[in-house]
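Heads up, work_33.cif below (mmCIF, C-alpha atoms):
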```cif
data_input
loop_
_atom_site.label_atom_id
_atom_site.label_comp_id
_atom_site.auth_asym_id
_atom_site.auth_seq_id
_atom_site.Cartn_x
_atom_site.Cartn_y
_atom_site.Cartn_z
CA MET A 1 83.65 125.30 100.26
CA LYS A 2 80.62 123.25 99.29
CA GLU A 3 81.80 120.50 96.96
CA LYS A 4 79.83 119.10 94.07
CA LEU A 5 79.79 115.37 94.58
CA ASP A 6 80.48 113.87 91.21
CA GLU A 7 83.20 112.43 89.02
CA ASN A 8 85.34 115.56 89.38
CA PHE A 9 85.25 115.25 93.14
CA ILE A 10 86.72 111.76 92.85
CA LYS A 11 89.27 112.89 90.26
CA SER A 12 90.40 115.60 92.65
CA LEU A 13 90.85 112.98 95.37
CA ARG A 14 92.92 110.91 92.94
CA VAL A 15 95.39 113.77 92.54
CA ILE A 16 95.73 114.26 96.27
CA ALA A 17 95.98 110.51 96.91
CA LYS A 18 99.16 110.45 94.83
CA GLY A 19 100.72 112.77 97.39
CA ILE A 20 99.62 110.60 100.29
CA ALA A 21 100.36 107.15 98.91
CA GLY A 22 103.74 107.97 97.40
CA THR A 23 105.23 104.70 96.19
CA LYS A 24 103.98 102.73 99.13
CA MET A 25 100.52 101.77 97.92
CA ASP A 26 97.93 102.21 95.20
CA PRO A 27 96.43 105.74 95.40
CA ASP A 28 93.15 104.51 93.93
CA GLU A 29 92.74 102.16 96.87
CA LEU A 30 92.84 105.16 99.17
CA VAL A 31 90.29 107.00 97.04
CA ASN A 32 88.05 103.95 96.93
CA GLY A 33 88.22 103.43 100.67
CA SER A 34 87.61 107.07 101.42
CA VAL A 35 84.60 107.36 99.12
CA GLU A 36 83.18 104.12 100.50
CA TYR A 37 83.45 105.62 103.97
CA ILE A 38 81.60 108.74 102.87
CA LEU A 39 78.93 106.71 101.09
CA SER A 40 78.36 104.65 104.21
CA ASN A 41 77.93 107.83 106.27
CA LYS A 42 75.58 109.65 103.93
CA ASP A 43 73.49 111.38 106.59
CA ARG A 44 76.58 112.70 108.30
CA TYR A 45 78.41 114.03 105.26
CA MET A 46 75.83 114.76 102.58
CA ASP A 47 75.69 118.46 103.45
CA HIS A 48 79.12 118.80 104.99
CA PRO A 49 80.62 122.19 104.03
CA ASN A 50 84.05 120.70 103.32
CA ILE A 51 83.58 117.10 102.39
CA ARG A 52 86.80 117.06 100.39
CA ALA A 53 88.84 117.72 103.52
CA ILE A 54 86.94 114.90 105.25
CA ALA A 55 87.72 112.59 102.34
CA VAL A 56 91.40 113.52 102.32
CA LEU A 57 91.74 113.03 106.06
CA LYS A 58 90.11 109.63 105.66
CA MET A 59 92.62 108.74 102.94
CA LYS A 60 95.43 109.66 105.31
CA GLY A 61 93.92 107.45 108.00
CA LEU A 62 93.56 104.55 105.59
CA PHE A 63 97.14 105.00 104.44
CA ILE A 64 98.47 104.87 108.00
CA ASP A 65 96.35 101.78 108.72
CA GLU A 66 97.69 100.08 105.60
CA ILE A 67 101.30 100.87 106.39
CA ARG A 68 100.89 99.54 109.91
CA LYS A 69 99.24 96.41 108.59
CA ASN A 70 101.94 95.83 105.99
CA LYS A 71 104.65 96.44 108.51
CA LYS A 72 103.26 93.65 110.66
CA MET A 73 102.89 91.35 107.71
CA THR A 74 106.10 91.97 105.87
CA SER A 75 108.72 92.69 108.49
CA ILE A 76 111.03 90.00 109.73
CA LYS A 77 113.82 90.19 112.22
CA ASP A 78 117.51 90.11 111.40
CA ASP A 79 120.11 88.39 113.55
CA GLU A 80 120.20 91.34 115.92
CA GLY A 81 116.44 91.50 116.29
CA ASN A 82 115.92 94.59 114.10
CA ASP A 83 113.01 94.82 111.67
CA LEU A 84 113.84 94.00 108.06
CA GLN A 85 111.48 95.61 105.61
CA ILE A 86 110.35 93.72 102.55
CA VAL A 87 109.39 96.02 99.75
CA ASP A 88 106.33 94.91 97.84
CA GLU A 89 107.32 95.61 94.23
CA LYS A 90 103.80 94.81 93.03
CA GLN A 91 102.36 97.70 95.01
CA ILE A 92 104.86 100.16 93.60
CA ASP A 93 103.83 99.20 90.09
CA MET A 94 100.18 99.64 90.98
CA SER A 95 100.76 103.28 91.85
CA ASP A 96 101.62 104.09 88.25
CA LYS A 97 98.48 102.96 86.49
CA ILE A 98 97.83 106.40 85.08
CA SER A 99 99.59 107.27 81.85
CA LEU A 100 100.93 110.80 81.86
CA SER A 101 102.99 112.95 79.51
CA ASN A 102 106.76 112.86 79.86
CA GLU A 103 106.83 116.16 81.69
CA ALA A 104 104.07 115.22 84.12
CA ASN A 105 105.73 111.87 84.71
CA LYS A 106 108.98 113.59 85.47
CA VAL A 107 107.33 115.99 87.92
CA LEU A 108 105.48 113.16 89.64
CA SER A 109 108.56 110.96 89.87
CA LYS A 110 110.55 113.82 91.39
CA ILE A 111 107.78 114.50 93.89
CA LYS A 112 107.81 110.83 94.86
CA THR A 113 111.47 111.12 95.84
CA MET A 114 110.65 113.90 98.29
CA GLY A 115 109.67 113.57 101.94
CA ASP A 116 106.13 112.62 102.91
CA LYS A 117 105.24 116.13 104.03
CA CYS A 118 106.34 117.63 100.74
CA GLN A 119 104.55 115.00 98.70
CA GLU A 120 101.37 115.72 100.58
CA ILE A 121 101.43 119.50 100.48
CA LEU A 122 102.51 119.72 96.85
CA MET A 123 99.62 117.56 95.70
CA LEU A 124 97.20 119.52 97.90
CA ALA A 125 98.50 122.73 96.35
CA SER A 126 98.24 121.29 92.85
CA GLU A 127 94.54 120.86 93.50
CA GLY A 128 94.17 124.55 94.31
CA MET A 129 93.41 124.02 97.97
CA SER A 130 93.38 127.13 100.12
CA MET A 131 95.96 127.57 102.86
CA GLN A 132 93.18 127.04 105.41
CA GLU A 133 92.20 123.72 103.85
CA MET A 134 95.83 122.65 103.71
CA GLN A 135 96.26 123.56 107.36
CA GLN A 136 93.22 121.47 108.28
CA ILE A 137 94.45 118.46 106.34
CA THR A 138 98.12 118.63 107.27
CA GLU A 139 97.16 119.29 110.88
CA VAL A 140 99.85 121.90 111.42
CA LYS A 141 99.35 124.62 113.98
CA SER A 142 99.61 127.78 111.94
CA LEU A 143 99.04 129.09 108.45
CA GLY A 144 102.58 130.41 108.53
CA THR A 145 103.88 126.87 108.84
CA VAL A 146 101.76 125.78 105.88
CA LEU A 147 103.11 128.66 103.80
CA SER A 148 106.72 128.04 104.67
CA ARG A 149 106.41 124.29 104.15
CA LEU A 150 104.87 124.79 100.73
CA SER A 151 107.48 127.39 99.83
CA ASN A 152 110.36 125.12 100.85
CA CYS A 153 108.91 122.11 99.06
CA ARG A 154 108.46 124.08 95.85
CA LYS A 155 112.06 125.23 95.99
CA GLU A 156 113.13 121.65 96.54
CA LEU A 157 111.02 120.51 93.60
CA LYS A 158 112.58 123.17 91.39
CA GLY A 159 116.04 121.94 92.43
CA LEU A 160 115.12 118.35 91.64
CA MET A 161 113.70 119.30 88.26
CA THR A 162 116.89 121.05 87.23
CA SER A 163 119.31 118.51 88.67
CA MET B 164 113.47 141.93 103.81
CA ILE B 165 110.48 140.43 102.04
CA ASP B 166 109.38 137.04 103.37
CA GLU B 167 109.75 134.46 100.62
CA THR B 168 106.23 133.18 101.28
CA LYS B 169 105.05 136.60 100.12
CA ILE B 170 106.95 136.06 96.89
CA MET B 171 105.22 132.69 96.52
CA GLN B 172 101.78 134.19 97.13
CA TYR B 173 102.56 136.98 94.68
CA ALA B 174 103.61 134.46 92.03
CA ASP B 175 100.41 132.50 92.66
CA GLY B 176 98.28 135.63 92.45
CA THR B 177 97.00 135.15 96.00
CA LEU B 178 98.79 138.01 97.72
CA PRO B 179 96.40 140.75 98.89
CA ILE B 180 96.36 143.66 96.44
CA GLU B 181 97.62 146.15 99.02
CA GLU B 182 100.85 144.17 99.46
CA ARG B 183 101.64 143.62 95.81
CA ASP B 184 103.42 146.88 95.05
CA GLU B 185 105.92 146.37 97.82
CA VAL B 186 106.67 142.81 96.71
CA GLN B 187 106.93 143.77 93.05
CA LYS B 188 109.42 146.51 93.89
CA ALA B 189 111.49 144.12 95.97
CA ILE B 190 111.54 141.60 93.13
CA ASP B 191 112.56 144.28 90.63
CA ALA B 192 115.38 145.41 92.89
CA ASP B 193 116.83 142.04 93.84
CA PRO B 194 117.87 139.39 91.27
CA LYS B 195 117.71 136.68 93.94
CA LEU B 196 114.09 137.49 94.67
CA LYS B 197 113.40 137.55 90.95
CA GLU B 198 114.87 134.06 90.68
CA LEU B 199 112.76 132.94 93.61
CA TYR B 200 109.70 134.43 91.96
CA ASN B 201 110.47 132.51 88.76
CA THR B 202 110.89 129.32 90.81
CA PHE B 203 107.42 129.72 92.27
CA LYS B 204 105.89 130.59 88.89
CA GLU B 205 107.47 127.56 87.31
CA THR B 206 106.55 125.10 90.07
CA GLY B 207 103.03 126.55 90.15
CA ASP B 208 102.64 125.74 86.46
CA LEU B 209 104.19 122.29 86.88
CA LEU B 210 101.81 121.36 89.69
CA PHE B 211 98.82 122.80 87.88
CA ASN B 212 99.58 120.85 84.72
CA LEU B 213 100.27 117.66 86.67
CA SER B 214 96.96 117.90 88.48
CA ASN B 215 95.09 118.51 85.23
CA GLU B 216 96.73 115.55 83.54
CA ILE B 217 95.85 113.20 86.36
CA LYS B 218 92.28 114.46 86.35
CA SER B 219 92.00 114.07 82.60
CA GLN B 220 92.45 110.30 82.99
CA PRO B 221 89.27 108.23 83.00
CA LEU B 222 88.24 106.78 86.33
CA PRO B 223 88.56 103.03 86.87
CA LYS B 224 85.23 101.23 86.86
CA ASN B 225 84.90 100.90 90.64
CA LEU B 226 85.43 104.64 91.17
CA GLN B 227 83.15 105.53 88.27
CA GLU B 228 80.39 103.53 89.94
CA LYS B 229 80.93 105.40 93.17
CA ALA B 230 80.79 108.71 91.32
CA GLU B 231 77.38 107.71 89.96
CA ILE B 232 76.16 106.96 93.47
CA LEU B 233 77.48 110.29 94.75
CA LYS B 234 75.63 112.12 92.01
CA THR B 235 72.35 110.72 93.30
CA TRP B 236 73.01 112.54 96.56
CA LYS B 237 72.55 115.83 94.83
CA LYS B 238 69.77 117.92 96.25
CA PRO B 239 69.32 121.68 95.98
CA THR B 240 71.34 123.48 98.62
CA LYS B 241 70.01 126.55 100.34
CA GLU B 242 72.19 128.70 98.11
CA GLU B 243 70.83 127.15 94.96
CA LYS B 244 67.23 127.41 96.06
CA GLU B 245 67.67 131.10 96.64
CA SER B 246 69.78 131.80 93.62
CA SER B 247 68.44 129.55 90.93
CA PHE B 248 66.36 132.62 90.66
CA ASN B 249 67.98 134.38 87.98
CA PHE B 250 71.21 135.75 89.09
CA PHE B 251 72.06 136.10 85.46
CA GLY B 252 68.81 134.82 84.11
CA LEU B 253 70.10 131.26 84.20
CA PHE B 254 69.81 128.11 86.17
CA LYS B 255 72.93 128.02 88.24
CA ILE B 256 73.22 124.28 88.41
CA GLN B 257 73.45 123.98 84.65
CA TYR B 258 76.48 126.22 84.51
CA ALA B 259 78.09 124.71 87.55
CA GLY B 260 78.27 121.57 85.47
CA ILE B 261 79.95 123.43 82.66
CA ALA B 262 82.36 124.95 85.12
CA ALA B 263 83.47 121.56 86.29
CA ALA B 264 84.74 120.89 82.81
CA PHE B 265 86.71 124.13 82.92
CA CYS B 266 88.94 122.75 85.62
CA LEU B 267 90.76 121.07 82.75
CA PHE B 268 92.15 122.65 79.63
CA PHE B 269 89.52 124.18 77.46
CA VAL B 270 88.76 122.59 74.18
CA GLY B 271 85.29 123.88 73.51
CA GLY B 272 83.70 127.27 73.46
CA PHE B 273 80.78 129.29 74.64
CA TYR B 274 79.52 132.30 72.82
CA SER B 275 77.87 135.53 73.79
CA ASN B 276 78.32 139.21 73.22
CA THR B 277 79.27 141.57 75.97
CA PHE B 278 80.98 141.73 79.29
CA MET B 279 78.94 143.66 81.80
CA ALA B 280 79.69 144.62 85.35
CA SER B 281 78.71 147.32 87.74
CA LEU B 282 79.78 148.81 91.02
CA GLU B 283 77.50 147.61 93.76
CA ASP B 284 77.17 151.09 95.16
CA ASP B 285 79.16 154.29 95.39
CA THR B 286 81.24 153.14 98.32
CA SER B 287 82.00 149.59 97.25
CA LYS B 288 85.00 148.62 95.19
CA THR B 289 83.32 145.43 94.13
CA VAL B 290 82.40 145.11 90.50
CA ARG B 291 79.29 143.05 89.98
CA LEU B 292 78.72 141.21 86.75
CA SER B 293 75.19 141.93 85.84
CA LYS B 294 74.12 141.28 82.29
CA GLU B 295 74.39 138.37 79.96
CA VAL B 296 77.32 138.32 77.58
CA SER B 297 79.35 135.88 75.59
CA ILE B 298 82.65 134.07 75.58
CA ASP B 299 84.80 131.80 73.54
CA THR B 300 87.09 129.88 75.80
CA ASN B 301 89.32 127.97 73.44
CA LYS B 302 92.49 126.63 74.99
CA LEU B 303 92.14 128.49 78.24
CA LYS B 304 93.38 127.10 81.50
CA MET B 305 92.07 128.01 84.91
CA ARG B 306 94.15 128.48 87.98
CA SER B 307 92.09 129.17 91.04
CA ILE B 308 92.11 129.48 94.78
CA GLN B 309 89.12 128.16 96.61
CA SER B 310 87.60 129.62 99.70
CA ASP B 311 85.23 128.46 102.36
CA GLY B 312 81.51 128.87 101.94
CA GLU B 313 81.46 129.48 98.27
CA ASP B 314 80.73 127.54 95.14
CA LEU B 315 83.90 128.00 93.14
CA GLN B 316 82.53 126.29 90.09
CA THR B 317 79.64 128.71 89.94
CA ARG B 318 82.04 131.62 90.07
CA ILE B 319 84.13 130.16 87.28
CA ALA B 320 81.07 129.47 85.17
CA ASN B 321 79.79 133.00 85.61
CA LEU B 322 83.14 134.49 84.74
CA TYR B 323 83.22 132.60 81.47
CA ARG B 324 79.65 133.33 80.62
CA TYR B 325 80.16 137.03 81.03
CA PHE B 326 83.52 137.54 79.46
CA ASP B 327 83.76 138.58 75.82
CA LYS B 328 87.17 137.24 74.99
CA GLU B 329 87.20 138.18 71.30
CA THR B 330 86.33 141.83 71.86
CA PHE B 331 88.81 142.01 74.66
CA LEU B 332 91.64 140.49 72.63
CA ASN B 333 90.96 142.60 69.56
CA GLU B 334 91.23 145.78 71.57
CA ILE B 335 94.13 144.65 73.67
CA ASN B 336 96.22 143.68 70.67
CA GLU B 337 95.86 147.17 69.27
CA LYS B 338 97.14 148.94 72.33
CA ILE B 339 99.11 146.52 74.49
CA ASP B 340 102.54 147.42 73.15
CA ASP B 341 101.99 151.05 74.12
CA ILE B 342 100.98 150.30 77.69
CA LYS B 343 103.57 150.43 80.46
CA ILE B 344 103.84 148.20 83.53
CA ASN B 345 101.50 149.29 86.35
CA GLN B 346 99.57 151.46 83.92
CA GLU B 347 95.80 151.35 84.27
CA PHE B 348 93.80 151.33 81.06
CA GLU B 349 90.30 150.78 79.73
CA THR B 350 88.74 148.84 76.91
CA SER B 351 85.26 149.21 75.47
CA ILE B 352 84.10 146.58 77.94
CA SER B 353 81.78 148.36 80.28
CA ASP B 354 79.35 147.71 83.07
CA ASN B 355 75.60 148.03 82.88
CA ILE B 356 75.66 151.66 83.89
CA GLY B 357 78.16 152.44 81.16
CA LYS B 358 81.21 152.58 83.39
CA GLN B 359 84.21 151.12 81.62
CA ILE B 360 86.07 148.26 83.25
CA LYS B 361 89.69 149.08 83.98
CA PHE B 362 92.66 146.76 83.76
CA ILE B 363 96.22 147.06 85.04
CA TYR B 364 99.22 145.79 83.13
CA VAL B 365 101.08 144.10 85.99
CA GLU B 366 104.17 142.40 84.62
CA ASN B 367 105.96 140.62 81.80
CA LEU B 368 106.27 136.84 81.93
CA GLU B 369 107.88 134.10 79.95
CA ILE B 370 105.75 130.99 79.66
CA ALA B 371 106.87 128.05 77.54
CA ASN B 372 109.39 130.32 75.80
CA LYS B 373 106.63 132.72 74.82
CA GLN B 374 106.54 136.40 75.60
CA CYS B 375 103.60 136.98 77.94
CA LYS B 376 101.98 139.77 79.91
CA LYS B 377 99.85 139.65 83.04
CA LEU B 378 96.82 141.97 83.25
CA GLU B 379 94.62 142.40 86.29
CA PHE B 380 91.09 143.65 86.69
CA SER B 381 91.52 146.88 88.60
CA GLU B 382 88.78 145.95 91.05
CA PRO B 383 87.46 142.70 92.51
CA VAL B 384 84.62 141.16 90.54
CA LYS B 385 81.49 139.71 92.05
CA LEU B 386 81.04 136.37 90.34
CA SER B 387 78.12 134.93 92.23
CA ASN B 388 75.44 136.18 94.51
CA ILE B 389 77.50 135.20 97.55
CA ASP B 390 80.84 136.33 96.18
CA GLU B 391 82.11 139.38 98.02
CA GLY B 392 84.69 140.10 95.35
CA THR B 393 87.17 137.99 93.42
CA ASN B 394 90.52 139.18 92.11
CA ILE B 395 91.08 138.20 88.52
CA SER B 396 94.20 138.37 86.40
CA LEU B 397 94.75 137.33 82.81
CA ASP B 398 97.89 135.88 81.22
CA LEU B 399 98.30 136.88 77.59
CA CYS B 400 101.02 135.28 75.50
CA LYS B 401 102.24 136.29 72.07
CA VAL B 402 101.40 133.67 69.47
CA ASN B 403 102.63 134.66 66.02
CA LYS B 404 101.88 138.39 65.91
CA ASN B 405 99.03 138.62 68.39
CA TYR B 406 98.55 138.09 72.08
CA GLU B 407 96.24 135.24 73.03
CA LEU B 408 94.58 134.61 76.37
CA THR B 409 96.36 131.61 77.89
CA ALA B 410 95.25 131.63 81.51
CA ILE B 411 92.76 133.22 83.85
CA ASN B 412 93.80 133.33 87.48
CA ILE B 413 91.23 133.94 90.16
CA SER B 414 91.81 134.46 93.86
CA LYS B 415 90.07 135.90 96.87
#
```
Please go through the file and, once you have read it, give me the structure as structure tokens.
Amino acid sequence: MKEKLDENFIKSLRVIAKGIAGTKMDPDELVNGSVEYILSNKDRYMDHPNIRAIAVLKMKGLFIDEIRKNKKMTSIKDDEGNDLQIVDEKQIDMSDKISLSNEANKVLSKIKTMGDKCQEILMLASEGMSMQEMQQITEVKSLGTVLSRLSNCRKELKGLMTS
Amino acid sequence: MIDETKIMQYADGTLPIEERDEVQKAIDADPKLKELYNTFKETGDLLFNLSNEIKSQPLPKNLQEKAEILKTWKKPTKEEKESSFNFFGLFKIQYAGIAAAFCLFFVGGFYSNTFMASLEDDTSKTVRLSKEVSIDTNKLKMRSIQSDGEDLQTRIANLYRYFDKETFLNEINEKIDDIKINQEFETSISDNIGKQIKFIYVENLEIANKQCKKLEFSEPVKLSNIDEGTNISLDLCKVNKNYELTAINISK
């Protein structure tokens, strides 16, 4: 899929970033970092056939880097030497900058309570990504796994919406 | 036993046509599968609406600036150089821009007159849109599946340019109550060799407490010069006394 590189491309990344960032960081920071990476590698990516997948994979990389960095910065040891996590409330607030309708807010808040894999695949699916694209981004071995993961996550979402 | 992922693909309109009958029969025969089907329909709509709402939000300034920079990257791709020709007597890039707006809910309209399509040849089942027509796309929503190597936005734009919604709805409203599920029927919409386009009444739906029906084009439609055939279905919901077009679903 050859993407048009414009505002809609970035808006699409914003949707997917919500599935990657969860409540742990600001999704727009991931989008910003990913687009900066693409801009700084213009010759490499300008004509890439699937630049959106590249951008999403970059967002995932940035997210992992950020989590690792925060873990180092914010964890302290308890008396037994185990890591104590300090939740950064400011960052959680930052992830909700977008004002949505009540229904969309409810859906998003339910998705945020789900596991990382579900959050990711549901937001990829919401953006109309093909199973092949989702397989590339989620890095699972088979299309069958992508299908069954998406199916299970949608059933879980339905359960959460009705609970 | 039908795999539940097949039910999901069927609900999303992405299941290959040749597998649909079997899945539909299984759903009809098993209330649990019907419930599963409704679950996938409902979550599909929830995710679609969520995505559209997020995308309808304005970009923060720093991302808007980056979007402007990305736009300057634009140069004609090989496809565009070859096809800005006149696939439908238009500049493709202009309508790709319009198509981008269609990824959200429709609030505006485009107008033309006829829907035209033709079979590529005697052996192909692909219908090729071929002559300029008109559309009015008020309040439509688009649900689509993308595929590699193809400009989805161009396909969407061409679909809307060549679909005469008003004619279609006028005719459909006259006959839809007499048509049975799985029945194939025609409207006055025809291709450029005079062959009438056929539709199939696939199923009844309930969307937002409204009585709705799903219709499919009986054959894949060629929506761009590199499109080998796109499956299209239409969701029609009853608003007051008439059915209105509420969604167009496209899939490979």
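Between atom CA of Ile10 of chain A and atom CA of Lys112 of chain A there is a distance of 21.2 Å.
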Would you tabulate, counting only C-alpha atoms, all residues of chain A that have an atom at most 9 Å from an atom of chain B, showing the closest pair of atoms and their distance in Å to one decimal, sorted by chain then ascending number, as CSV?
```
residue,atom,partner,partner_atom,distance
A:Met1,CA,B:Asp311,CA,4.1
A:Lys2,CA,B:Asp314,CA,6.0
A:Glu3,CA,B:Asp314,CA,7.3
A:Lys4,CA,B:Lys237,CA,8.0
A:Leu5,CA,B:Leu233,CA,5.6
A:Asp6,CA,B:Ala230,CA,5.2
A:Glu7,CA,B:Ala230,CA,5.0
A:Asn8,CA,B:Ala263,CA,7.0
A:Phe9,CA,B:Ala230,CA,8.1
A:Ile10,CA,B:Ala230,CA,6.8
A:Lys11,CA,B:Lys218,CA,5.2
A:Ser12,CA,B:Lys218,CA,6.7
A:Arg14,CA,B:Lys218,CA,7.5
A:Val15,CA,B:Ser214,CA,6.0
A:Ile16,CA,B:Ser214,CA,8.7
A:Asp28,CA,B:Leu226,CA,8.2
A:Val31,CA,B:Leu226,CA,8.0
A:Asn32,CA,B:Leu226,CA,6.4
A:Val35,CA,B:Lys229,CA,7.3
A:Glu36,CA,B:Lys229,CA,7.8
A:Leu39,CA,B:Leu233,CA,7.4
A:Lys42,CA,B:Trp236,CA,8.3
A:Met46,CA,B:Trp236,CA,7.0
A:Asp47,CA,B:Thr240,CA,8.2
A:Pro49,CA,B:Gly312,CA,7.1
A:Asn50,CA,B:Asp311,CA,7.9
A:Ile98,CA,B:Gln220,CA,7.0
A:Ser99,CA,B:Gln220,CA,7.8
A:Leu100,CA,B:Glu216,CA,6.6
A:Ser101,CA,B:Glu216,CA,7.9
A:Glu103,CA,B:Leu213,CA,8.4
A:Ala104,CA,B:Leu213,CA,5.2
A:Asn105,CA,B:Leu213,CA,8.2
A:Val107,CA,B:Leu209,CA,7.1
A:Leu108,CA,B:Leu213,CA,7.5
A:Leu122,CA,B:Leu210,CA,7.4
A:Met123,CA,B:Leu210,CA,7.4
A:Ala125,CA,B:Leu210,CA,7.6
A:Ser126,CA,B:Leu210,CA,4.8
A:Glu127,CA,B:Ser214,CA,6.3
A:Gly128,CA,B:Ile308,CA,5.4
A:Met129,CA,B:Gln309,CA,6.1
A:Ser130,CA,B:Gln309,CA,5.6
A:Gln132,CA,B:Ser310,CA,8.4
A:Glu133,CA,B:Ser310,CA,8.6
A:Gly144,CA,B:Thr168,CA,8.6
A:Leu147,CA,B:Thr168,CA,6.0
A:Ser148,CA,B:Thr168,CA,6.2
A:Leu150,CA,B:Thr168,CA,8.5
A:Ser151,CA,B:Thr168,CA,6.1
A:Arg154,CA,B:Thr206,CA,6.2
A:Lys155,CA,B:Thr202,CA,6.7
A:Leu157,CA,B:Thr206,CA,7.3
A:Lys158,CA,B:Thr202,CA,6.4
```
For atom CA of Ser381 of chain B and atom CA of Leu143 of chain A, the interatomic separation in Å (one decimal): 27.7 Å
Å distance separating atom CA of Asn405 of chain B from atom CA of Asn102 of chain A, one decimal place: 29.2 Å
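Evaluated on this file, the PyMOL selection byres ((chain B and resi 190) around 12) matches Met164, Ile165, Asp166, Glu167, Lys169, Ile170, Met171, Tyr173, Ala174, Arg183, Asp184, Glu185, Val186, Gln187, Lys188, Ala189, Asp191, Ala192, Asp193, Pro194, Lys195, Leu196, Lys197, Glu198, Leu199, Tyr200, Asn201 and Glu366 of chain B.
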